[in-house]
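To be precise, the following lines are query.txt, and they hold compact mmCIF, C-alpha atoms and all ligand atoms.
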```txt
# COMPACT_ATOMS: atom_id res chain seq x y z
CA MET A 12 -10.71 8.55 1.04
CA TYR A 13 -13.63 6.38 2.18
CA THR A 14 -16.54 7.06 4.51
CA GLN A 15 -15.94 4.72 7.42
CA ALA A 16 -19.72 4.27 7.62
CA ILE A 17 -20.30 2.54 10.91
CA ASP A 18 -23.35 4.87 10.94
CA ILE A 19 -25.67 2.56 9.02
CA PRO A 20 -28.64 4.49 7.54
CA GLN A 21 -31.65 4.57 9.85
CA GLY A 22 -35.22 5.78 9.17
CA GLY A 23 -36.68 8.04 6.47
CA LYS A 24 -36.98 7.37 2.73
CA GLU A 25 -33.41 8.51 1.98
CA GLU A 26 -32.03 6.61 4.94
CA ALA A 27 -34.01 3.40 5.01
CA PRO A 28 -33.34 0.75 7.67
CA ARG A 29 -31.54 -2.39 6.60
CA GLY A 30 -33.75 -4.67 8.70
CA PRO A 31 -36.07 -7.46 7.58
CA ARG A 32 -38.08 -6.95 4.39
CA SER A 33 -41.30 -4.97 4.63
CA LEU A 34 -43.71 -3.89 1.92
CA GLN A 35 -42.02 -0.50 1.90
CA ASP A 36 -38.64 -2.12 1.22
CA GLY A 37 -40.09 -3.38 -2.08
CA GLU A 38 -40.13 0.21 -3.34
CA TYR A 39 -36.54 0.75 -2.28
CA GLU A 40 -35.54 -2.50 -3.91
CA ALA A 41 -37.16 -1.54 -7.22
CA GLU A 42 -35.35 1.79 -7.09
CA PHE A 43 -32.09 0.01 -6.21
CA ASP A 44 -32.48 -2.47 -9.10
CA ALA A 45 -33.22 0.35 -11.54
CA ARG A 46 -30.17 2.25 -10.37
CA VAL A 47 -27.89 -0.75 -10.79
CA ALA A 48 -29.42 -1.39 -14.24
CA ARG A 49 -28.61 2.23 -15.22
CA GLY A 50 -24.98 1.51 -14.29
CA GLU A 51 -24.93 4.04 -11.43
CA PHE A 52 -22.80 3.47 -8.34
CA VAL A 53 -24.33 2.45 -5.03
CA GLU A 54 -22.72 4.47 -2.23
CA PRO A 55 -22.32 3.57 1.49
CA LYS A 56 -25.28 5.57 2.80
CA ASP A 57 -27.68 4.47 0.05
CA TRP A 58 -30.36 1.91 0.78
CA MET A 59 -29.28 -1.55 -0.32
CA PRO A 60 -30.73 -5.04 0.06
CA GLU A 61 -29.25 -6.80 3.08
CA ALA A 62 -28.15 -9.73 0.89
CA TYR A 63 -26.25 -7.29 -1.41
CA ARG A 64 -24.47 -5.81 1.61
CA LYS A 65 -23.60 -9.26 2.94
CA THR A 66 -22.26 -10.51 -0.37
CA LEU A 67 -20.09 -7.41 -0.69
CA VAL A 68 -18.73 -7.77 2.84
CA ARG A 69 -17.95 -11.43 2.05
CA GLN A 70 -16.24 -10.74 -1.28
CA ILE A 71 -14.39 -7.52 -0.37
CA SER A 72 -13.11 -8.93 2.92
CA GLN A 73 -12.00 -12.18 1.25
CA HIS A 74 -10.25 -10.08 -1.33
CA ALA A 75 -8.54 -8.02 1.41
CA HIS A 76 -7.47 -11.18 3.25
CA SER A 77 -6.06 -12.57 -0.01
CA GLU A 78 -3.88 -9.49 -0.45
CA ILE A 79 -2.58 -9.74 3.12
CA VAL A 80 -2.03 -13.52 3.10
CA GLY A 81 -0.64 -13.10 -0.43
CA MET A 82 2.31 -11.17 1.04
CA LEU A 83 3.58 -14.33 2.75
CA PRO A 84 4.70 -16.59 -0.14
CA GLU A 85 6.70 -13.73 -1.70
CA GLY A 86 7.86 -12.24 1.59
CA ASN A 87 9.63 -15.54 2.07
CA TRP A 88 12.05 -14.56 -0.75
CA ILE A 89 12.86 -10.93 0.11
CA THR A 90 16.01 -11.88 2.03
CA ARG A 91 17.06 -14.28 -0.74
CA ALA A 92 16.55 -12.03 -3.78
CA PRO A 93 19.54 -12.45 -6.15
CA SER A 94 20.35 -8.73 -6.53
CA LEU A 95 19.68 -5.37 -4.92
CA LYS A 96 17.47 -4.40 -7.88
CA ARG A 97 15.29 -7.53 -7.55
CA LYS A 98 15.11 -7.10 -3.78
CA ALA A 99 13.91 -3.51 -4.12
CA ILE A 100 11.30 -4.53 -6.70
CA LEU A 101 10.02 -7.41 -4.56
CA LEU A 102 9.90 -5.22 -1.44
CA ALA A 103 7.85 -2.63 -3.32
CA LYS A 104 5.47 -5.28 -4.66
CA VAL A 105 4.85 -6.90 -1.28
CA GLN A 106 4.35 -3.45 0.25
CA ASP A 107 1.79 -2.65 -2.48
CA GLU A 108 -0.10 -5.81 -1.55
CA GLY A 109 -0.28 -4.65 2.08
CA GLY A 110 -1.67 -1.35 0.77
CA HIS A 111 -4.27 -3.14 -1.36
CA GLY A 112 -5.41 -5.05 1.71
CA MET A 113 -5.81 -1.74 3.58
CA TYR A 114 -7.87 -0.08 0.79
CA LEU A 115 -10.08 -3.16 0.65
CA TYR A 116 -10.60 -3.41 4.43
CA ALA A 117 -11.53 0.29 4.36
CA ALA A 118 -14.01 -0.37 1.51
CA ALA A 119 -15.55 -3.26 3.51
CA GLU A 120 -15.81 -1.02 6.59
CA THR A 121 -18.06 1.36 4.66
CA LEU A 122 -20.64 -1.46 4.77
CA GLY A 123 -20.91 -1.25 8.55
CA VAL A 124 -18.52 -3.99 9.58
CA SER A 125 -15.47 -3.36 11.76
CA ARG A 126 -11.87 -4.18 10.88
CA ASP A 127 -11.58 -6.24 14.08
CA GLU A 128 -14.53 -8.42 13.05
CA LEU A 129 -12.98 -9.01 9.63
CA ILE A 130 -9.57 -9.91 11.05
CA GLU A 131 -11.17 -12.21 13.61
CA ALA A 132 -13.06 -14.02 10.82
CA LEU A 133 -9.77 -14.60 8.98
CA HIS A 134 -7.88 -15.76 12.04
CA SER A 135 -10.61 -18.14 13.18
CA GLY A 136 -10.72 -19.72 9.71
CA LYS A 137 -14.32 -18.54 9.12
CA ALA A 138 -13.40 -16.24 6.23
CA LYS A 139 -11.80 -17.49 3.04
CA TYR A 140 -8.86 -16.10 1.12
CA SER A 141 -7.68 -17.07 -2.36
CA SER A 142 -6.74 -20.74 -2.75
CA ILE A 143 -3.58 -19.73 -4.65
CA PHE A 144 -1.71 -18.62 -1.53
CA ASN A 145 -1.76 -22.10 -0.04
CA TYR A 146 0.96 -23.30 -2.40
CA PRO A 147 4.66 -23.03 -1.45
CA THR A 148 7.28 -20.85 -3.19
CA LEU A 149 10.14 -23.30 -3.75
CA SER A 150 12.58 -21.33 -5.89
CA TRP A 151 13.33 -17.79 -7.08
CA ALA A 152 11.55 -18.62 -10.35
CA ASP A 153 8.31 -18.92 -8.33
CA ILE A 154 8.52 -15.17 -7.67
CA GLY A 155 8.53 -14.50 -11.42
CA VAL A 156 5.75 -16.98 -12.06
CA ILE A 157 3.59 -15.48 -9.29
CA GLY A 158 3.95 -12.08 -10.97
CA TRP A 159 3.25 -13.45 -14.44
CA LEU A 160 0.47 -15.97 -13.75
CA VAL A 161 -0.99 -15.10 -10.33
CA ASP A 162 -1.00 -11.34 -10.82
CA GLY A 163 -1.99 -11.90 -14.46
CA ALA A 164 -5.04 -13.91 -13.33
CA ALA A 165 -5.76 -11.34 -10.62
CA ILE A 166 -5.77 -8.48 -13.17
CA MET A 167 -8.09 -10.41 -15.49
CA ASN A 168 -10.51 -10.93 -12.60
CA GLN A 169 -10.14 -7.44 -11.15
CA ILE A 170 -10.47 -5.18 -14.18
CA PRO A 171 -14.23 -5.86 -14.44
CA LEU A 172 -14.47 -5.07 -10.70
CA CYS A 173 -13.48 -1.46 -11.52
CA ARG A 174 -16.99 -1.25 -13.01
CA CYS A 175 -18.77 -3.06 -10.17
CA SER A 176 -21.88 -1.42 -8.74
CA TYR A 177 -20.47 -0.59 -5.28
CA GLY A 178 -18.64 2.75 -5.48
CA PRO A 179 -15.95 2.31 -2.80
CA TYR A 180 -15.00 -1.15 -4.11
CA ALA A 181 -14.91 -0.01 -7.75
CA ARG A 182 -12.73 3.02 -6.89
CA ALA A 183 -10.32 0.92 -4.81
CA MET A 184 -10.00 -1.50 -7.70
CA ILE A 185 -8.91 1.21 -10.17
CA ARG A 186 -5.79 1.97 -8.14
CA ILE A 187 -5.16 -1.68 -7.33
CA CYS A 188 -5.31 -2.69 -11.01
CA LYS A 189 -2.75 -0.03 -11.96
CA GLU A 190 -0.33 -1.45 -9.42
CA GLU A 191 -1.13 -5.06 -10.37
CA SER A 192 -0.08 -4.43 -13.95
CA PHE A 193 3.37 -3.35 -12.71
CA HIS A 194 3.43 -6.55 -10.62
CA GLN A 195 2.63 -8.68 -13.65
CA ARG A 196 5.27 -7.01 -15.79
CA GLN A 197 8.01 -7.35 -13.17
CA GLY A 198 7.26 -11.08 -12.96
CA TYR A 199 7.43 -11.52 -16.72
CA ASP A 200 10.65 -9.48 -16.89
CA LEU A 201 12.22 -11.62 -14.15
CA LEU A 202 11.32 -14.78 -16.08
CA LEU A 203 12.63 -13.41 -19.39
CA THR A 204 15.96 -12.72 -17.66
CA MET A 205 16.10 -16.24 -16.21
CA MET A 206 15.18 -17.79 -19.58
CA LYS A 207 18.20 -16.03 -21.12
CA GLY A 208 20.41 -17.54 -18.40
CA THR A 209 21.74 -21.02 -17.74
CA VAL A 210 20.08 -24.39 -18.40
CA GLU A 211 19.46 -24.70 -14.65
CA GLN A 212 17.70 -21.33 -14.58
CA ARG A 213 15.47 -22.34 -17.50
CA GLU A 214 14.63 -25.59 -15.71
CA LEU A 215 13.68 -23.68 -12.57
CA VAL A 216 11.29 -21.51 -14.61
CA GLN A 217 9.68 -24.51 -16.32
CA ASP A 218 9.30 -26.30 -12.98
CA ALA A 219 7.62 -23.25 -11.43
CA VAL A 220 5.26 -22.91 -14.42
CA ASN A 221 4.35 -26.60 -14.08
CA ARG A 222 3.44 -26.13 -10.42
CA TRP A 223 1.54 -22.79 -10.68
CA TRP A 224 -0.42 -23.15 -13.94
CA TRP A 225 -3.37 -25.19 -12.64
CA PRO A 226 -3.67 -23.37 -9.29
CA ALA A 227 -3.71 -20.08 -11.28
CA LEU A 228 -6.68 -21.34 -13.34
CA MET A 229 -8.45 -22.25 -10.08
CA MET A 230 -8.21 -18.63 -8.86
CA PHE A 231 -11.24 -17.77 -11.02
CA GLY A 232 -13.44 -19.98 -8.83
CA PRO A 233 -15.62 -22.99 -9.63
CA HIS A 234 -17.30 -23.58 -12.99
CA ASP A 235 -20.24 -21.24 -13.55
CA SER A 236 -22.57 -24.20 -13.03
CA ALA A 237 -21.14 -24.73 -9.51
CA SER A 238 -20.81 -21.05 -8.59
CA THR A 239 -23.31 -20.35 -5.80
CA HIS A 240 -22.99 -16.56 -5.82
CA SER A 241 -22.74 -15.79 -9.53
CA GLY A 242 -26.50 -15.41 -10.11
CA ASP A 243 -27.02 -12.72 -7.46
CA SER A 244 -23.65 -11.08 -8.01
CA SER A 245 -24.31 -10.69 -11.74
CA LYS A 246 -27.84 -9.37 -11.15
CA TRP A 247 -26.44 -6.79 -8.71
CA GLY A 248 -23.65 -5.68 -11.03
CA ILE A 249 -20.88 -6.96 -8.74
CA LYS A 250 -19.74 -9.67 -11.14
CA ARG A 251 -19.61 -8.36 -14.72
CA ILE A 252 -17.95 -11.41 -16.36
CA SER A 253 -18.46 -15.02 -15.25
CA ASN A 254 -15.80 -17.25 -13.64
CA ASP A 255 -15.49 -19.46 -16.75
CA ASP A 256 -15.39 -16.55 -19.20
CA LEU A 257 -12.61 -14.85 -17.24
CA ARG A 258 -10.68 -18.12 -17.02
CA GLN A 259 -10.95 -18.51 -20.81
CA LYS A 260 -9.79 -14.93 -21.38
CA PHE A 261 -6.80 -15.61 -19.13
CA VAL A 262 -5.83 -18.79 -21.01
CA ASP A 263 -6.20 -16.99 -24.36
CA ALA A 264 -3.98 -14.12 -23.20
CA THR A 265 -1.36 -16.33 -21.54
CA VAL A 266 -0.66 -18.98 -24.19
CA PRO A 267 1.11 -16.52 -26.56
CA GLN A 268 3.07 -15.07 -23.63
CA ALA A 269 4.30 -18.60 -22.77
CA LYS A 270 5.51 -18.99 -26.36
CA VAL A 271 7.51 -15.76 -26.22
CA LEU A 272 8.99 -16.85 -22.92
CA GLY A 273 9.89 -20.29 -24.28
CA VAL A 274 8.06 -22.38 -21.66
CA THR A 275 5.52 -25.17 -22.06
CA LEU A 276 2.20 -24.96 -20.26
CA PRO A 277 1.57 -28.28 -18.48
CA ASP A 278 -1.63 -29.22 -20.32
CA PRO A 279 -1.47 -31.79 -23.16
CA MET A 280 -5.04 -30.85 -24.14
CA LEU A 281 -4.19 -27.21 -24.80
CA SER A 282 -5.07 -26.58 -28.46
CA TRP A 283 -6.36 -23.73 -30.59
CA ASN A 284 -10.03 -24.15 -31.46
CA GLU A 285 -10.61 -22.31 -34.73
CA ALA A 286 -14.40 -22.63 -34.52
CA ARG A 287 -14.60 -21.12 -31.02
CA GLY A 288 -11.78 -18.67 -31.59
CA HIS A 289 -10.33 -19.71 -28.22
CA TRP A 290 -7.77 -22.08 -26.72
CA ASP A 291 -9.28 -25.36 -25.48
CA PHE A 292 -7.77 -26.60 -22.24
CA GLY A 293 -7.95 -29.76 -20.14
CA PRO A 294 -10.14 -30.43 -17.09
CA ILE A 295 -9.34 -28.72 -13.80
CA ASP A 296 -8.89 -30.91 -10.72
CA TRP A 297 -11.82 -29.56 -8.70
CA GLN A 298 -11.20 -31.99 -5.91
CA GLU A 299 -7.82 -30.36 -5.34
CA PHE A 300 -9.46 -26.90 -5.46
CA TRP A 301 -12.15 -27.69 -2.87
CA ASN A 302 -9.61 -29.46 -0.70
CA VAL A 303 -7.46 -26.32 -0.60
CA VAL A 304 -10.51 -24.08 -0.06
CA ALA A 305 -11.55 -26.32 2.86
CA GLY A 306 -8.20 -25.65 4.55
CA HIS A 307 -6.29 -28.79 3.58
CA GLY A 308 -3.81 -27.38 1.05
CA GLN A 309 -0.05 -27.61 1.44
CA CYS A 310 0.33 -24.31 3.30
CA ASN A 311 -3.09 -23.41 4.79
CA ARG A 312 -2.02 -24.07 8.38
CA ASP A 313 1.28 -22.21 8.07
CA ARG A 314 -0.29 -19.21 6.36
CA LEU A 315 -2.92 -18.74 9.06
CA ALA A 316 -0.44 -19.40 11.87
CA ASP A 317 1.92 -16.76 10.38
CA ARG A 318 -0.90 -14.21 10.11
CA VAL A 319 -2.04 -14.78 13.70
CA GLN A 320 1.57 -14.52 14.90
CA ALA A 321 2.07 -11.26 12.97
CA TRP A 322 -1.15 -9.87 14.49
CA GLU A 323 -0.01 -10.76 18.00
CA ASP A 324 3.49 -9.41 17.42
CA GLY A 325 1.98 -6.13 16.21
CA ALA A 326 -0.18 -5.61 19.32
CA TRP A 327 2.30 -3.13 20.83
CA VAL A 328 2.22 -1.00 17.66
CA ARG A 329 -1.59 -0.78 17.75
CA GLU A 330 -1.51 0.04 21.47
CA ALA A 331 1.13 2.74 20.93
CA ALA A 332 -0.88 4.27 18.06
CA LEU A 333 -4.03 4.34 20.20
CA ALA A 334 -2.16 5.88 23.15
CA HIS A 335 -0.68 8.51 20.81
CA ALA A 336 -4.11 9.34 19.36
CA GLN A 337 -5.55 9.63 22.88
CA LYS A 338 -2.74 11.98 23.93
CA GLN A 339 -3.28 14.05 20.80
CA ARG A 340 -7.03 14.36 21.51
CA HIS A 341 -6.30 15.35 25.12
CA ARG A 342 -3.84 18.05 23.93
CA ASP A 343 -6.36 19.34 21.38
CA ARG A 344 -9.05 19.55 24.09
CA LEU A 345 -6.69 21.51 26.39
CA ALA A 346 -5.76 23.87 23.54
CA ALA A 347 -9.42 24.49 22.58
N1 LIG B 401 -10.14 -19.41 -3.49
O1 LIG B 401 -19.93 -18.71 -6.00
P1 LIG B 401 -18.49 -18.50 -6.26
C1 LIG B 401 -4.36 -11.13 -5.57
C2 LIG B 401 -15.23 -19.74 -3.00
S1 LIG B 401 -5.52 -11.64 -4.48
C3 LIG B 401 -10.87 -19.60 -2.38
O2 LIG B 401 -18.04 -18.49 -7.67
P2 LIG B 401 -17.89 -15.69 -6.00
C4 LIG B 401 -2.94 -11.12 -5.21
C5 LIG B 401 -16.17 -18.54 -2.90
O3 LIG B 401 -15.69 -17.59 -1.97
C6 LIG B 401 -6.72 -12.51 -5.46
N2 LIG B 401 -12.24 -19.64 -2.39
O4 LIG B 401 -17.99 -17.19 -5.49
C7 LIG B 401 -2.55 -10.82 -3.92
C8 LIG B 401 -17.44 -19.24 -2.46
O5 LIG B 401 -17.36 -19.59 -1.07
P3 LIG B 401 -18.18 -18.76 0.09
C9 LIG B 401 -8.04 -12.46 -4.78
C10 LIG B 401 -12.83 -19.46 -3.58
O6 LIG B 401 -17.51 -14.85 -4.85
C11 LIG B 401 -1.21 -10.87 -3.56
C12 LIG B 401 -17.40 -20.54 -3.22
O7 LIG B 401 -16.02 -20.76 -3.54
N3 LIG B 401 -9.01 -11.89 -5.69
O8 LIG B 401 -4.76 -10.80 -6.58
O9 LIG B 401 -19.10 -15.32 -6.77
C13 LIG B 401 -0.28 -11.25 -4.52
C14 LIG B 401 -18.22 -20.52 -4.49
O10 LIG B 401 -17.63 -19.62 -5.47
C15 LIG B 401 -12.13 -19.24 -4.77
C16 LIG B 401 -10.27 -11.66 -5.30
O11 LIG B 401 -10.64 -11.94 -4.18
C17 LIG B 401 -10.72 -19.23 -4.70
N4 LIG B 401 -9.95 -19.06 -5.79
O12 LIG B 401 -16.69 -15.74 -7.06
C18 LIG B 401 -0.66 -11.51 -5.81
C19 LIG B 401 -11.15 -11.00 -6.34
N5 LIG B 401 -13.02 -19.11 -5.78
O13 LIG B 401 -17.64 -17.34 0.07
C20 LIG B 401 -2.01 -11.45 -6.18
C21 LIG B 401 -12.53 -10.72 -5.83
C22 LIG B 401 -14.23 -19.25 -5.24
O14 LIG B 401 -19.62 -18.84 -0.25
N6 LIG B 401 -13.34 -11.90 -5.75
N7 LIG B 401 -14.13 -19.46 -3.93
O15 LIG B 401 -17.82 -19.49 1.38
C23 LIG B 401 -14.04 -12.43 -6.80
O16 LIG B 401 -13.98 -11.94 -7.91
C24 LIG B 401 -14.94 -13.59 -6.51
O17 LIG B 401 -15.13 -13.67 -5.11
C25 LIG B 401 -14.40 -14.94 -7.07
C26 LIG B 401 -15.38 -16.07 -6.63
C27 LIG B 401 -14.37 -14.92 -8.58
C28 LIG B 401 -13.01 -15.26 -6.51
```
Starting from the file, lay out its structure as structure tokens.
Ligand code: BYC
Amino acid sequence: MYTQAIDIPQGGKEEAPRGPRSLQDGEYEAEFDARVARGEFVEPKDWMPEAYRKTLVRQISQHAHSEIVGMLPEGNWITRAPSLKRKAILLAKVQDEGGHGMYLYAAAETLGVSRDELIEALHSGKAKYSSIFNYPTLSWADIGVIGWLVDGAAIMNQIPLCRCSYGPYARAMIRICKEESFHQRQGYDLLLTMMKGTVEQRELVQDAVNRWWWPALMMFGPHDSASTHSGDSSKWGIKRISNDDLRQKFVDATVPQAKVLGVTLPDPMLSWNEARGHWDFGPIDWQEFWNVVAGHGQCNRDRLADRVQAWEDGAWVREAALAHAQKQRHRDRLAA
């Protein structure tokens, strides 16, 4: 589906080098800016500013890592799902997330970076992944709340990415968003079922909502005023809607859903602001956010340790696949 463009463009006007700026690069940059302003896609072999390429590698790979690490909190509940139906749904969802990670690694590879480099950056702690996956899943209700709030926030953030300026990322996001909406609905459906159940089940749902609400709001990133990348990313058409605007859209969409569900959102300052036409909400604990981002959340260590372990345990599969491919190539050469 994607060009695995390790062959970074070299030489010529069409295939300009991505090295340090020169006077000539100014022309390419003007052309690039005009193209982005016209809403056209930038494709892997097109000239692009080095900083644009770097920001995309950063964001797409962090997004891929989030999908892969994001399999862990839910994977924890596959063996404990309360029915065959719920188990099958959860298995399919977690499998989808693995697939999303693969599309996204492939999209990042089109920017001239290898999968091994990306994985190494995750495992060494150099690359980030979403803060949300450093919180524990304590009960079955957490699985529903992850679908409703975490996937709900993810969809809100990811729909504008379907229109981002980098073609392979935008195209990957279209498919991912379709699957995410199924993920969100299954979570909401699970919660509706639990809310129609026993008092204990309703308490489990409320407890999970209390624990996941604020971390879900943090998924959108820091306030616009503290967002280091927003300026460039908006100029380059990567970010179409700001962190704060997306967060507000998410709150506005979620409050009525909470009412239908019959749960309370844990924010005493949540109130409808007629003048703004939006829900006001209380302050986010940014200290907690940055603490988690810096690696000191409840589960950061376990999540990374589990990923590294899974990578090491899978070494024999990668070796077998390589040996098989080599044998295939040898056979093809003999047959030719
Ligand atoms: N967690 O300048 P800013 C999913 C970092 S997976 C950790 O605003 P940007 C799912 C940010 O990286 C959901 N770090 O950054 C999977 C930057 O640090 P660096 C993942 C965060 O990039 C399985 C610094 O803070 N979604 O849906 O302009 C199951 C300053 O931030 C976070 C994506 O990755 C965070 N929450 O905007 C269920 C979507 N927020 O890199 C669900 C794609 C910020 O300079 N990514 N930081 O060291 C984006 O849209 C943007 O990267 C963000 C941040 C809006 C997240």
Test item: residues at most 12 Å from His240 of chain A, only C-alpha atoms, excluding those fewer than 3 positions along its chain, as a list in words: Ala62, Tyr63, Lys65, Thr66, Leu67, Arg69, Gln70, Gly232, Pro233, His234, Asp235, Ser236, Ala237, Asp243, Ser244, Ser245, Lys246, Trp247, Ile249, Lys250, Ser253 and Asn254 of chain A
Can you spit out the residues from that selection as a PDB file, in the frame of the given file, using C-alpha atoms?
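Output (result.pdb):
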```
ATOM      1  CA  ALA A  62     -28.150  -9.730   0.890  1.00  0.00           C
ATOM      2  CA  TYR A  63     -26.250  -7.290  -1.410  1.00  0.00           C
ATOM      3  CA  LYS A  65     -23.600  -9.260   2.940  1.00  0.00           C
ATOM      4  CA  THR A  66     -22.260 -10.510  -0.370  1.00  0.00           C
ATOM      5  CA  LEU A  67     -20.090  -7.410  -0.690  1.00  0.00           C
ATOM      6  CA  ARG A  69     -17.950 -11.430   2.050  1.00  0.00           C
ATOM      7  CA  GLN A  70     -16.240 -10.740  -1.280  1.00  0.00           C
ATOM      8  CA  GLY A 232     -13.440 -19.980  -8.830  1.00  0.00           C
ATOM      9  CA  PRO A 233     -15.620 -22.990  -9.630  1.00  0.00           C
ATOM     10  CA  HIS A 234     -17.300 -23.580 -12.990  1.00  0.00           C
ATOM     11  CA  ASP A 235     -20.240 -21.240 -13.550  1.00  0.00           C
ATOM     12  CA  SER A 236     -22.570 -24.200 -13.030  1.00  0.00           C
ATOM     13  CA  ALA A 237     -21.140 -24.730  -9.510  1.00  0.00           C
ATOM     14  CA  ASP A 243     -27.020 -12.720  -7.460  1.00  0.00           C
ATOM     15  CA  SER A 244     -23.650 -11.080  -8.010  1.00  0.00           C
ATOM     16  CA  SER A 245     -24.310 -10.690 -11.740  1.00  0.00           C
ATOM     17  CA  LYS A 246     -27.840  -9.370 -11.150  1.00  0.00           C
ATOM     18  CA  TRP A 247     -26.440  -6.790  -8.710  1.00  0.00           C
ATOM     19  CA  ILE A 249     -20.880  -6.960  -8.740  1.00  0.00           C
ATOM     20  CA  LYS A 250     -19.740  -9.670 -11.140  1.00  0.00           C
ATOM     21  CA  SER A 253     -18.460 -15.020 -15.250  1.00  0.00           C
ATOM     22  CA  ASN A 254     -15.800 -17.250 -13.640  1.00  0.00           C
TER      23      ASN A 254
END
```
Assuming 8 Å of padding per side, give the centre and edge lengths of the axis-aligned box around every listed atom of segment 314-324 of chain A, in Å to one decimal and as lines of an AutoDock Vina configuration file.
```
center_x = 0.3
center_y = -14.4
center_z = 12.2
size_x = 22.4
size_y = 26.0
size_z = 27.6
```
With all atoms listed in the file counted, collect every polymer residue having an atom within 6 Å of ligand LIG 401 (chain B); state the result as a list of chain:residue names.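 Those residues are A:Gln70, A:Gln73, A:His74, A:Ser77, A:Glu78, A:Gly81, A:Met82, A:Glu108, A:Lys139, A:Tyr140, A:Ser141, A:Ser142, A:Val161, A:Asp162, A:Ala165, A:Asn168, A:Met229, A:Met230, A:Phe231, A:Gly232, A:Pro233, A:Ser238, A:Thr239, A:His240, A:Ser241, A:Asn254, A:Val304.
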If you measure from atom CA of Leu215 of chain A to atom CA of Trp151 of chain A, what distance in Å do you get, rounded to one decimal?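 For atom CA of Leu215 of chain A relative to atom CA of Trp151 of chain A, the distance reads 8.1 Å.
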Identify, on the basis of all atoms listed in the file, every residue whose closest approach to segment 321-333 of chain A does not exceed 12 Å; exclude the query and any residue fewer than 5 positions from it along the same chain; express the result as a ChimeraX atom specification. /A:79-80,82-83,127,130-131,133-134,314-316,338-340
Out of A:Asp263, A:Val210, A:Leu201, A:His76, which residue has the shortest atom-to-atom distance to Lys137 of chain A when counting all atoms listed in the file?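 Checking each of A:Asp263, A:Val210, A:Leu201, A:His76 against Lys137 of chain A, counting all atoms listed in the file, the winner is A:His76.
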Pick from A:Gln169, A:Ser282, A:Ser150, A:Gln106, whichever lies nearest to Leu257 of chain A using only C-alpha atoms: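 Smallest separation from Leu257 of chain A among the options: A:Gln169.
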Could you list, as a PyMOL selection string, every residue within 10 Å of Arg196 of chain A, counting only C-alpha atoms and ignoring same-chain residues fewer than 4 positions away? chain A and resi 155+158-159+162-163+191-192+200-202
Ranking A:Cys173, A:Ala305, A:Ile71, A:Met280 by minimum distance to Thr121 of chain A and counting all atoms listed in the file, which one comes first? A:Ile71
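Using only C-alpha atoms, the nearest neighbour of Arg258 of chain A within the list A:Ala181, A:Arg213, A:Cys188, A:Ala164 is A:Ala164.
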For atom CA of Arg46 of chain A and atom CA of Ser176 of chain A, determine how far apart the two atoms are, in Å to one decimal place. 9.2 Å
Can you measure atom CA of His307 of chain A to atom CA of His111 of chain A for me? One decimal in Å is fine.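 Going from atom CA of His307 of chain A over to atom CA of His111 of chain A covers 26.2 Å.
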Among listed residues A:Arg49, A:Tyr146, A:Ile170, A:Val271, nearest Trp224 of chain A (using only C-alpha atoms):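 Using only C-alpha atoms, the shortest distance to Trp224 of chain A belongs to A:Tyr146.
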A:Leu115, A:Ala138, A:Met184, A:Met205 ranked by distance to Leu272 of chain A, top pick (using all atoms listed in the file):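 Using all atoms listed in the file, the shortest distance to Leu272 of chain A belongs to A:Met205.
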